[in-house]
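Next comes protein35.tsv, with TSV, C-alpha atoms.
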```tsv
chain	number	residue	atom	x	y	z
A	816	MET	CA	79.61	94.90	-13.71
A	817	SER	CA	78.31	95.40	-10.18
A	818	ALA	CA	74.61	95.37	-9.32
A	819	GLN	CA	74.84	99.06	-8.46
A	820	ALA	CA	76.42	99.95	-11.81
A	821	CYS	CA	73.61	98.35	-13.80
A	822	ASP	CA	70.85	99.72	-11.56
A	823	SER	CA	70.21	102.98	-13.39
A	824	SER	CA	67.76	102.08	-16.14
A	825	ALA	CA	66.19	99.15	-17.92
A	826	PRO	CA	67.99	97.86	-21.02
A	827	THR	CA	66.45	98.11	-24.48
A	828	VAL	CA	64.13	95.21	-25.24
A	829	ASP	CA	65.59	92.79	-27.78
A	830	PRO	CA	63.26	92.49	-30.82
A	831	SER	CA	63.30	88.69	-30.50
A	832	VAL	CA	61.52	88.84	-27.14
A	833	ARG	CA	57.95	87.50	-27.17
A	834	PHE	CA	57.11	88.17	-23.51
A	835	LYS	CA	58.38	91.54	-22.25
A	836	ARG	CA	57.24	91.36	-18.62
A	837	VAL	CA	56.97	87.99	-16.91
A	838	LEU	CA	56.54	86.45	-13.50
A	839	LEU	CA	58.70	83.37	-12.91
A	840	LYS	CA	57.15	80.91	-10.47
A	841	MET	CA	59.41	78.19	-9.05
A	842	SER	CA	58.86	75.62	-6.36
A	843	GLY	CA	61.30	75.56	-3.49
A	844	GLU	CA	62.30	72.05	-4.56
A	845	VAL	CA	63.94	73.52	-7.68
A	846	LEU	CA	66.57	75.14	-5.45
A	847	MET	CA	67.57	71.80	-3.87
A	848	GLY	CA	69.40	70.45	-6.90
A	849	ASP	CA	70.15	66.84	-5.97
A	850	ARG	CA	69.94	67.44	-2.23
A	851	GLU	CA	67.19	66.08	0.00
A	852	TYR	CA	66.37	69.57	1.28
A	853	GLY	CA	67.95	73.00	1.60
A	854	ILE	CA	69.63	75.08	-1.12
A	855	ASP	CA	72.23	73.86	-3.59
A	856	PRO	CA	74.65	76.75	-4.33
A	857	ALA	CA	75.46	75.54	-7.86
A	858	THR	CA	71.76	75.29	-8.75
A	859	ILE	CA	70.87	78.72	-7.42
A	860	ASP	CA	73.85	80.30	-9.22
A	861	ARG	CA	72.79	78.66	-12.48
A	862	ILE	CA	69.23	79.97	-12.06
A	863	ALA	CA	70.68	83.44	-11.46
A	864	GLN	CA	72.59	83.23	-14.75
A	865	ASP	CA	69.41	82.12	-16.55
A	866	VAL	CA	67.50	85.10	-15.18
A	867	LYS	CA	70.38	87.42	-16.10
A	868	GLN	CA	70.20	86.24	-19.71
A	869	ALA	CA	66.51	87.22	-19.83
A	870	VAL	CA	67.12	90.57	-18.11
A	871	ASP	CA	69.93	91.31	-20.59
A	872	LEU	CA	67.35	90.86	-23.37
A	873	GLY	CA	65.34	93.68	-21.76
A	874	VAL	CA	62.74	91.40	-20.18
A	875	GLN	CA	61.20	92.72	-16.95
A	876	VAL	CA	61.20	89.85	-14.45
A	877	CYS	CA	59.54	89.25	-11.11
A	878	VAL	CA	59.74	86.01	-9.16
A	879	VAL	CA	57.69	83.96	-6.72
A	880	VAL	CA	59.38	80.97	-5.08
A	881	GLY	CA	57.93	78.28	-2.83
A	882	ALA	CA	59.48	76.81	0.31
A	883	GLY	CA	59.24	73.04	-0.12
A	884	ASN	CA	63.02	72.73	0.12
A	885	ILE	CA	63.00	74.28	3.60
A	886	PHE	CA	59.66	73.02	4.90
A	887	ARG	CA	60.64	69.47	3.96
A	888	GLY	CA	63.47	69.76	6.47
A	889	VAL	CA	61.15	70.87	9.28
A	890	SER	CA	58.06	68.88	8.33
A	891	GLY	CA	58.65	66.35	11.09
A	892	ALA	CA	58.60	69.08	13.70
A	893	ALA	CA	55.56	70.63	12.01
A	894	ASN	CA	53.46	67.49	12.37
A	895	GLY	CA	50.70	68.17	14.85
A	896	LEU	CA	50.76	71.94	14.34
A	897	GLU	CA	47.53	73.60	13.34
A	898	ARG	CA	47.19	74.40	9.65
A	899	VAL	CA	47.49	78.17	10.05
A	900	THR	CA	50.77	77.89	11.99
A	901	GLY	CA	52.18	75.48	9.42
A	902	ASP	CA	51.24	77.84	6.60
A	903	TYR	CA	52.99	80.75	8.30
A	904	ILE	CA	56.11	78.61	8.71
A	905	GLY	CA	55.95	77.98	4.97
A	906	MET	CA	55.58	81.71	4.24
A	907	LEU	CA	58.67	82.48	6.30
A	908	GLY	CA	60.50	79.77	4.36
A	909	THR	CA	59.75	81.62	1.12
A	910	VAL	CA	61.40	84.73	2.58
A	911	MET	CA	64.55	82.69	3.26
A	912	ASN	CA	64.57	81.42	-0.32
A	913	ALA	CA	63.91	84.92	-1.67
A	914	LEU	CA	66.91	86.33	0.19
A	915	ALA	CA	69.10	83.49	-1.09
A	916	LEU	CA	67.95	84.19	-4.65
A	917	GLN	CA	68.57	87.91	-4.20
A	918	SER	CA	72.15	87.21	-3.13
A	919	ALA	CA	72.75	84.93	-6.14
A	920	PHE	CA	71.12	87.39	-8.58
A	921	GLU	CA	73.17	90.34	-7.37
A	922	LYS	CA	76.36	88.27	-7.45
A	923	ALA	CA	75.51	87.66	-11.12
A	924	GLY	CA	75.12	91.42	-11.66
A	925	VAL	CA	71.32	91.59	-11.60
A	926	PRO	CA	69.90	94.34	-9.31
A	927	THR	CA	67.21	92.75	-7.17
A	928	ARG	CA	64.65	93.73	-4.56
A	929	VAL	CA	62.73	91.44	-2.21
A	930	GLN	CA	59.21	92.47	-1.21
A	931	SER	CA	57.41	90.53	1.49
A	932	ALA	CA	53.67	90.29	2.08
A	933	ILE	CA	54.54	89.94	5.78
A	934	PRO	CA	56.39	93.14	6.75
A	935	MET	CA	59.95	92.59	7.99
A	936	GLN	CA	61.78	95.82	7.19
A	937	ALA	CA	65.10	94.63	8.62
A	938	VAL	CA	65.63	92.24	5.70
A	939	CYS	CA	63.36	93.33	2.82
A	940	GLU	CA	60.78	95.82	1.60
A	941	PRO	CA	57.06	95.48	2.30
A	942	PHE	CA	54.97	94.69	-0.76
A	943	ILE	CA	53.98	97.96	-2.42
A	944	ARG	CA	52.61	97.53	-5.92
A	945	ARG	CA	53.66	100.86	-7.37
A	946	ARG	CA	57.16	100.53	-5.94
A	947	ALA	CA	57.46	97.04	-7.41
A	948	LEU	CA	56.40	98.31	-10.82
A	949	ARG	CA	58.97	101.10	-10.63
A	950	HIS	CA	61.71	98.62	-9.75
A	951	MET	CA	60.83	96.49	-12.77
A	952	GLU	CA	60.72	99.51	-15.09
A	953	LYS	CA	64.28	100.30	-13.95
A	954	GLY	CA	65.43	96.80	-14.88
A	955	ARG	CA	65.49	95.37	-11.37
A	956	VAL	CA	64.20	91.88	-10.60
A	957	VAL	CA	61.56	91.86	-7.87
A	958	ILE	CA	61.15	88.72	-5.74
A	959	PHE	CA	57.79	88.49	-4.00
A	960	ALA	CA	58.05	86.61	-0.70
A	961	ALA	CA	55.64	85.33	1.98
A	962	GLY	CA	52.93	84.43	-0.53
A	963	SER	CA	49.90	86.67	-0.15
A	964	GLY	CA	50.46	86.93	3.60
A	965	ASN	CA	47.43	84.71	4.20
A	966	PRO	CA	47.20	81.03	5.19
A	967	PHE	CA	45.30	78.38	3.21
A	968	PHE	CA	46.89	79.33	-0.13
A	969	THR	CA	49.72	77.64	-2.00
A	970	THR	CA	52.33	79.89	-3.63
A	971	ASP	CA	50.62	79.28	-7.00
A	972	THR	CA	47.77	81.63	-6.14
A	973	PRO	CA	49.99	84.55	-5.01
A	974	ALA	CA	52.01	84.01	-8.20
A	975	ALA	CA	48.88	84.49	-10.33
A	976	LEU	CA	47.85	87.43	-8.13
A	977	ARG	CA	51.22	89.21	-8.43
A	978	ALA	CA	51.36	88.53	-12.19
A	979	THR	CA	47.97	90.24	-12.47
A	980	GLU	CA	48.98	93.18	-10.27
A	981	MET	CA	52.22	93.68	-12.21
A	982	GLY	CA	50.48	93.55	-15.60
A	983	CYS	CA	52.65	90.64	-16.75
A	984	ASP	CA	52.48	89.32	-20.30
A	985	ALA	CA	52.75	85.76	-18.98
A	986	LEU	CA	53.21	83.66	-15.87
A	987	PHE	CA	56.15	81.28	-16.32
A	988	LYS	CA	55.93	78.08	-14.29
A	989	GLY	CA	59.42	76.59	-14.01
A	990	THR	CA	59.28	72.83	-13.44
A	991	LYS	CA	61.49	69.75	-13.78
A	992	VAL	CA	59.89	68.79	-17.11
A	993	ASP	CA	59.60	70.70	-20.39
A	994	GLY	CA	55.87	71.33	-20.35
A	995	VAL	CA	52.57	69.65	-19.53
A	996	TYR	CA	52.07	65.97	-20.32
A	997	SER	CA	49.06	63.68	-20.26
A	998	ALA	CA	50.87	61.67	-17.56
A	999	ASP	CA	54.15	61.81	-15.66
A	1000	PRO	CA	56.76	61.41	-18.45
A	1001	HIS	CA	59.26	60.00	-15.94
A	1002	LYS	CA	56.88	57.13	-15.19
A	1003	ASP	CA	55.10	56.79	-18.54
A	1004	PRO	CA	57.34	57.13	-21.64
A	1005	SER	CA	54.22	57.17	-23.86
A	1006	ALA	CA	52.85	60.32	-22.18
A	1007	THR	CA	51.77	63.00	-24.67
A	1008	HIS	CA	53.32	66.48	-24.54
A	1009	TYR	CA	50.84	69.33	-25.00
A	1010	ASP	CA	52.05	72.39	-26.93
A	1011	THR	CA	48.95	74.40	-26.09
A	1012	LEU	CA	46.07	73.99	-23.67
A	1013	SER	CA	43.08	76.06	-22.65
A	1014	TYR	CA	42.46	77.01	-19.03
A	1015	MET	CA	39.38	74.79	-19.07
A	1016	ASP	CA	41.45	71.85	-20.39
A	1017	VAL	CA	43.71	72.17	-17.36
A	1018	LEU	CA	40.79	72.35	-14.95
A	1019	THR	CA	38.61	69.62	-16.46
A	1020	LYS	CA	41.51	67.20	-17.06
A	1021	ASP	CA	42.98	67.96	-13.63
A	1022	LEU	CA	46.44	68.34	-15.15
A	1023	LYS	CA	48.06	69.76	-12.00
A	1024	VAL	CA	49.72	72.68	-13.80
A	1025	MET	CA	48.92	74.98	-10.87
A	1026	ASP	CA	46.18	74.94	-8.27
A	1027	ALA	CA	42.64	75.64	-9.47
A	1028	THR	CA	42.45	79.08	-7.84
A	1029	ALA	CA	45.58	80.22	-9.68
A	1030	ILE	CA	44.30	78.86	-13.00
A	1031	SER	CA	40.96	80.63	-12.54
A	1032	LEU	CA	42.67	83.91	-11.66
A	1033	ALA	CA	44.93	83.72	-14.71
A	1034	ARG	CA	41.94	82.87	-16.90
A	1035	GLU	CA	39.88	85.77	-15.58
A	1036	ASN	CA	42.73	88.21	-16.30
A	1037	HIS	CA	43.83	86.63	-19.61
A	1038	ILE	CA	47.38	85.88	-18.45
A	1039	PRO	CA	48.98	83.00	-20.38
A	1040	ILE	CA	50.72	80.34	-18.26
A	1041	VAL	CA	53.95	79.05	-19.81
A	1042	VAL	CA	55.18	75.74	-18.39
A	1043	PHE	CA	58.84	74.97	-19.12
A	1044	SER	CA	61.87	73.20	-17.70
A	1045	VAL	CA	63.77	75.49	-15.35
A	1046	ARG	CA	66.43	72.81	-14.88
A	1047	GLU	CA	67.79	73.23	-18.41
A	1048	ALA	CA	70.51	75.89	-18.44
A	1049	GLY	CA	69.63	78.88	-20.64
A	1050	ASN	CA	66.07	77.71	-21.19
A	1051	PHE	CA	64.36	80.69	-19.55
A	1052	ALA	CA	65.84	83.14	-22.06
A	1053	LYS	CA	64.90	80.83	-24.93
A	1054	VAL	CA	61.30	80.51	-23.84
A	1055	VAL	CA	60.78	84.28	-23.35
A	1056	ARG	CA	61.71	84.50	-27.05
A	1057	GLY	CA	59.10	81.86	-27.82
A	1058	GLU	CA	61.75	79.24	-28.63
A	1059	GLY	CA	62.39	75.76	-27.27
A	1060	LYS	CA	59.92	73.25	-25.88
A	1061	PHE	CA	57.17	74.37	-23.54
A	1062	THR	CA	53.41	74.33	-23.02
A	1063	ILE	CA	51.35	77.50	-23.11
A	1064	VAL	CA	47.94	77.68	-21.40
A	1065	THR	CA	45.71	80.40	-22.85
A	1066	ASP	CA	42.13	81.14	-23.85
```
Encoded form using structure tokens:
Amino acid sequence: MSAQACDSSAPTVDPSVRFKRVLLKMSGEVLMGDREYGIDPATIDRIAQDVKQAVDLGVQVCVVVGAGNIFRGVSGAANGLERVTGDYIGMLGTVMNALALQSAFEKAGVPTRVQSAIPMQAVCEPFIRRRALRHMEKGRVVIFAAGSGNPFFTTDTPAALRATEMGCDALFKGTKVDGVYSADPHKDPSATHYDTLSYMDVLTKDLKVMDATAISLARENHIPIVVFSVREAGNFAKVVRGEGKFTIVTD
């Protein structure tokens, strides 16, 4: 089915769904696959299929993606630039990733809109909250690009901000591991996996789930943060049903 054919209305929500409206936050590095930088087509297509599975369950999805995969490739040239200029380069990188994701999503049959905090009407919509909400109500995925449009913030903070503005049931942080551990499980096999954590646990233990501003914003607005492995095929749909292995950060 084409993206246009399935663009008319949102599907009925499957009764197994635990989180009905979610924001998926991914780092740009997720899109690299096994490459040193850039975008791996097989990885981005697999992510598109994972998102489609969730959308087919009736879940309303919006996305924020970082730009580490692109900025890593230009970091040498960026050395010596002032911080503000470097941050704007990173924001433009997120627009590139958002457009790549949009192409993969629509190829998978998922209607998608990109909204940028930095207006660039030739390639995407400007961020308009009410329009974004309407897109999601119609079953379209909305990808928020260019962060908040302001320097000095990582993409974690705009992710928490957009999740709040969209009234999301949860903020999903897609990582390379299946939750939050007491240490890096790739380096320390004895690291403990946490099933649940409080916002204060994350802040006081400095667990690096997201930056402190994002954690505080989610805490203030009572938005759970669900940390899961985005590299496992089909895992996103499982976790929105409350299944599989993940860590949830709540009050």
Which residues come within 12 Å of Ala1052 of chain A, counting all atoms listed in the file, excluding same-chain residues fewer than 5 positions away, as a VMD selection string?
chain A and resid 829 831 to 835 837 839 862 to 876 987 1043 to 1045 1047 1057 to 1059
Nearest to Lys840 of chain A by atom-to-atom distance, counting only C-alpha atoms, from A:Leu1018, A:Ile904, A:Leu986, A:Cys939:
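Residue with the minimum atom-to-atom distance to Lys840 of chain A: A:Leu986.
Of the residues listed (A:Asn1036, A:Ser1005, A:Thr909, A:Thr827), A:Asn1036 shows the shortest atom-to-atom separation from Asp984 of chain A; distances use all atoms listed in the file.
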Have a look at A:Thr969, A:Val938, A:Tyr852, A:Val1024 and name the one nearest to Ala998 of chain A; count only C-alpha atoms.
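Using only C-alpha atoms, Ala998 of chain A sits closest to A:Val1024.
If you measure from each of A:Glu851, A:Asp902, A:Glu952, A:Asp1066 to Thr1011 of chain A using all atoms listed in the file, the closest one turns out to be A:Asp1066.
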Determine the nearest neighbour of Asn1050 of chain A from the options A:Arg945, A:Lys1002, A:Lys953, A:Arg861, counting only C-alpha atoms.
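Using only C-alpha atoms, Asn1050 of chain A sits closest to A:Arg861.
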Nearest candidate to Phe968 of chain A (options A:Pro856, A:Gly843, A:Pro926, A:Gly905; using only C-alpha atoms)
A:Gly905
Counting all atoms listed in the file, what is within 9 Å of Thr858 of chain A, bar same-chain residues fewer than 3 positions away, as a ChimeraX atom specification?
/A:845-848,854-855,861-863,1046
Any idea what the distance is between atom CA of Ile943 of chain A and atom CA of Ala1029 of chain A?
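Taking atom CA of Ile943 of chain A and atom CA of Ala1029 of chain A, their separation equals 20.9 Å.
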Tell me which protein, DNA and RNA residues are within 10 Å of His1008 of chain A, counting all atoms listed in the file, leaving out same-chain ones fewer than 2 positions away, and put them as a PyMOL selection string.
chain A and resi 993-998+1000+1005-1006+1010-1011+1060-1062
Could you work out an axis-aligned box for segment 831-837 of chain A, taking every atom the file lists and adding 4 Å on each side, and report centre and edge lengths in Å to one decimal, as lines of an AutoDock Vina configuration file?
```
center_x = 60.1
center_y = 89.5
center_z = -23.7
size_x = 14.3
size_y = 12.0
size_z = 21.6
```
How far is it from atom CA of Leu907 of chain A to atom CA of Ile1030 of chain A, in Å with one decimal?
24.3 Å
d(atom CA of Gln930 of chain A, atom CA of Phe959 of chain A) in Å:
5.1 Å
Which neighbours of Val957 of chain A fall inside 9 Å, counting all atoms listed in the file, when residues of the same chain fewer than 5 positions from it are skipped, and could you give them as a compact mmCIF listing (two decimals) with C-alpha atoms, keeping the file's coordinate frame?
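Listed below is the output, result.txt:
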```
# COMPACT_ATOMS: atom_id res chain seq x y z
CA VAL A 876 61.20 89.85 -14.45
CA CYS A 877 59.54 89.25 -11.11
CA VAL A 878 59.74 86.01 -9.16
CA VAL A 879 57.69 83.96 -6.72
CA GLN A 917 68.57 87.91 -4.20
CA PRO A 926 69.90 94.34 -9.31
CA THR A 927 67.21 92.75 -7.17
CA ARG A 928 64.65 93.73 -4.56
CA VAL A 929 62.73 91.44 -2.21
CA GLN A 930 59.21 92.47 -1.21
CA ALA A 947 57.46 97.04 -7.41
CA LEU A 948 56.40 98.31 -10.82
CA HIS A 950 61.71 98.62 -9.75
CA MET A 951 60.83 96.49 -12.77
```
I'd like the contact shell of Pro941 of chain A - 9 Å cut-off, only C-alpha atoms, skipping same-chain residues fewer than 4 positions apart - returned as a ChimeraX atom specification.
/A:929-936
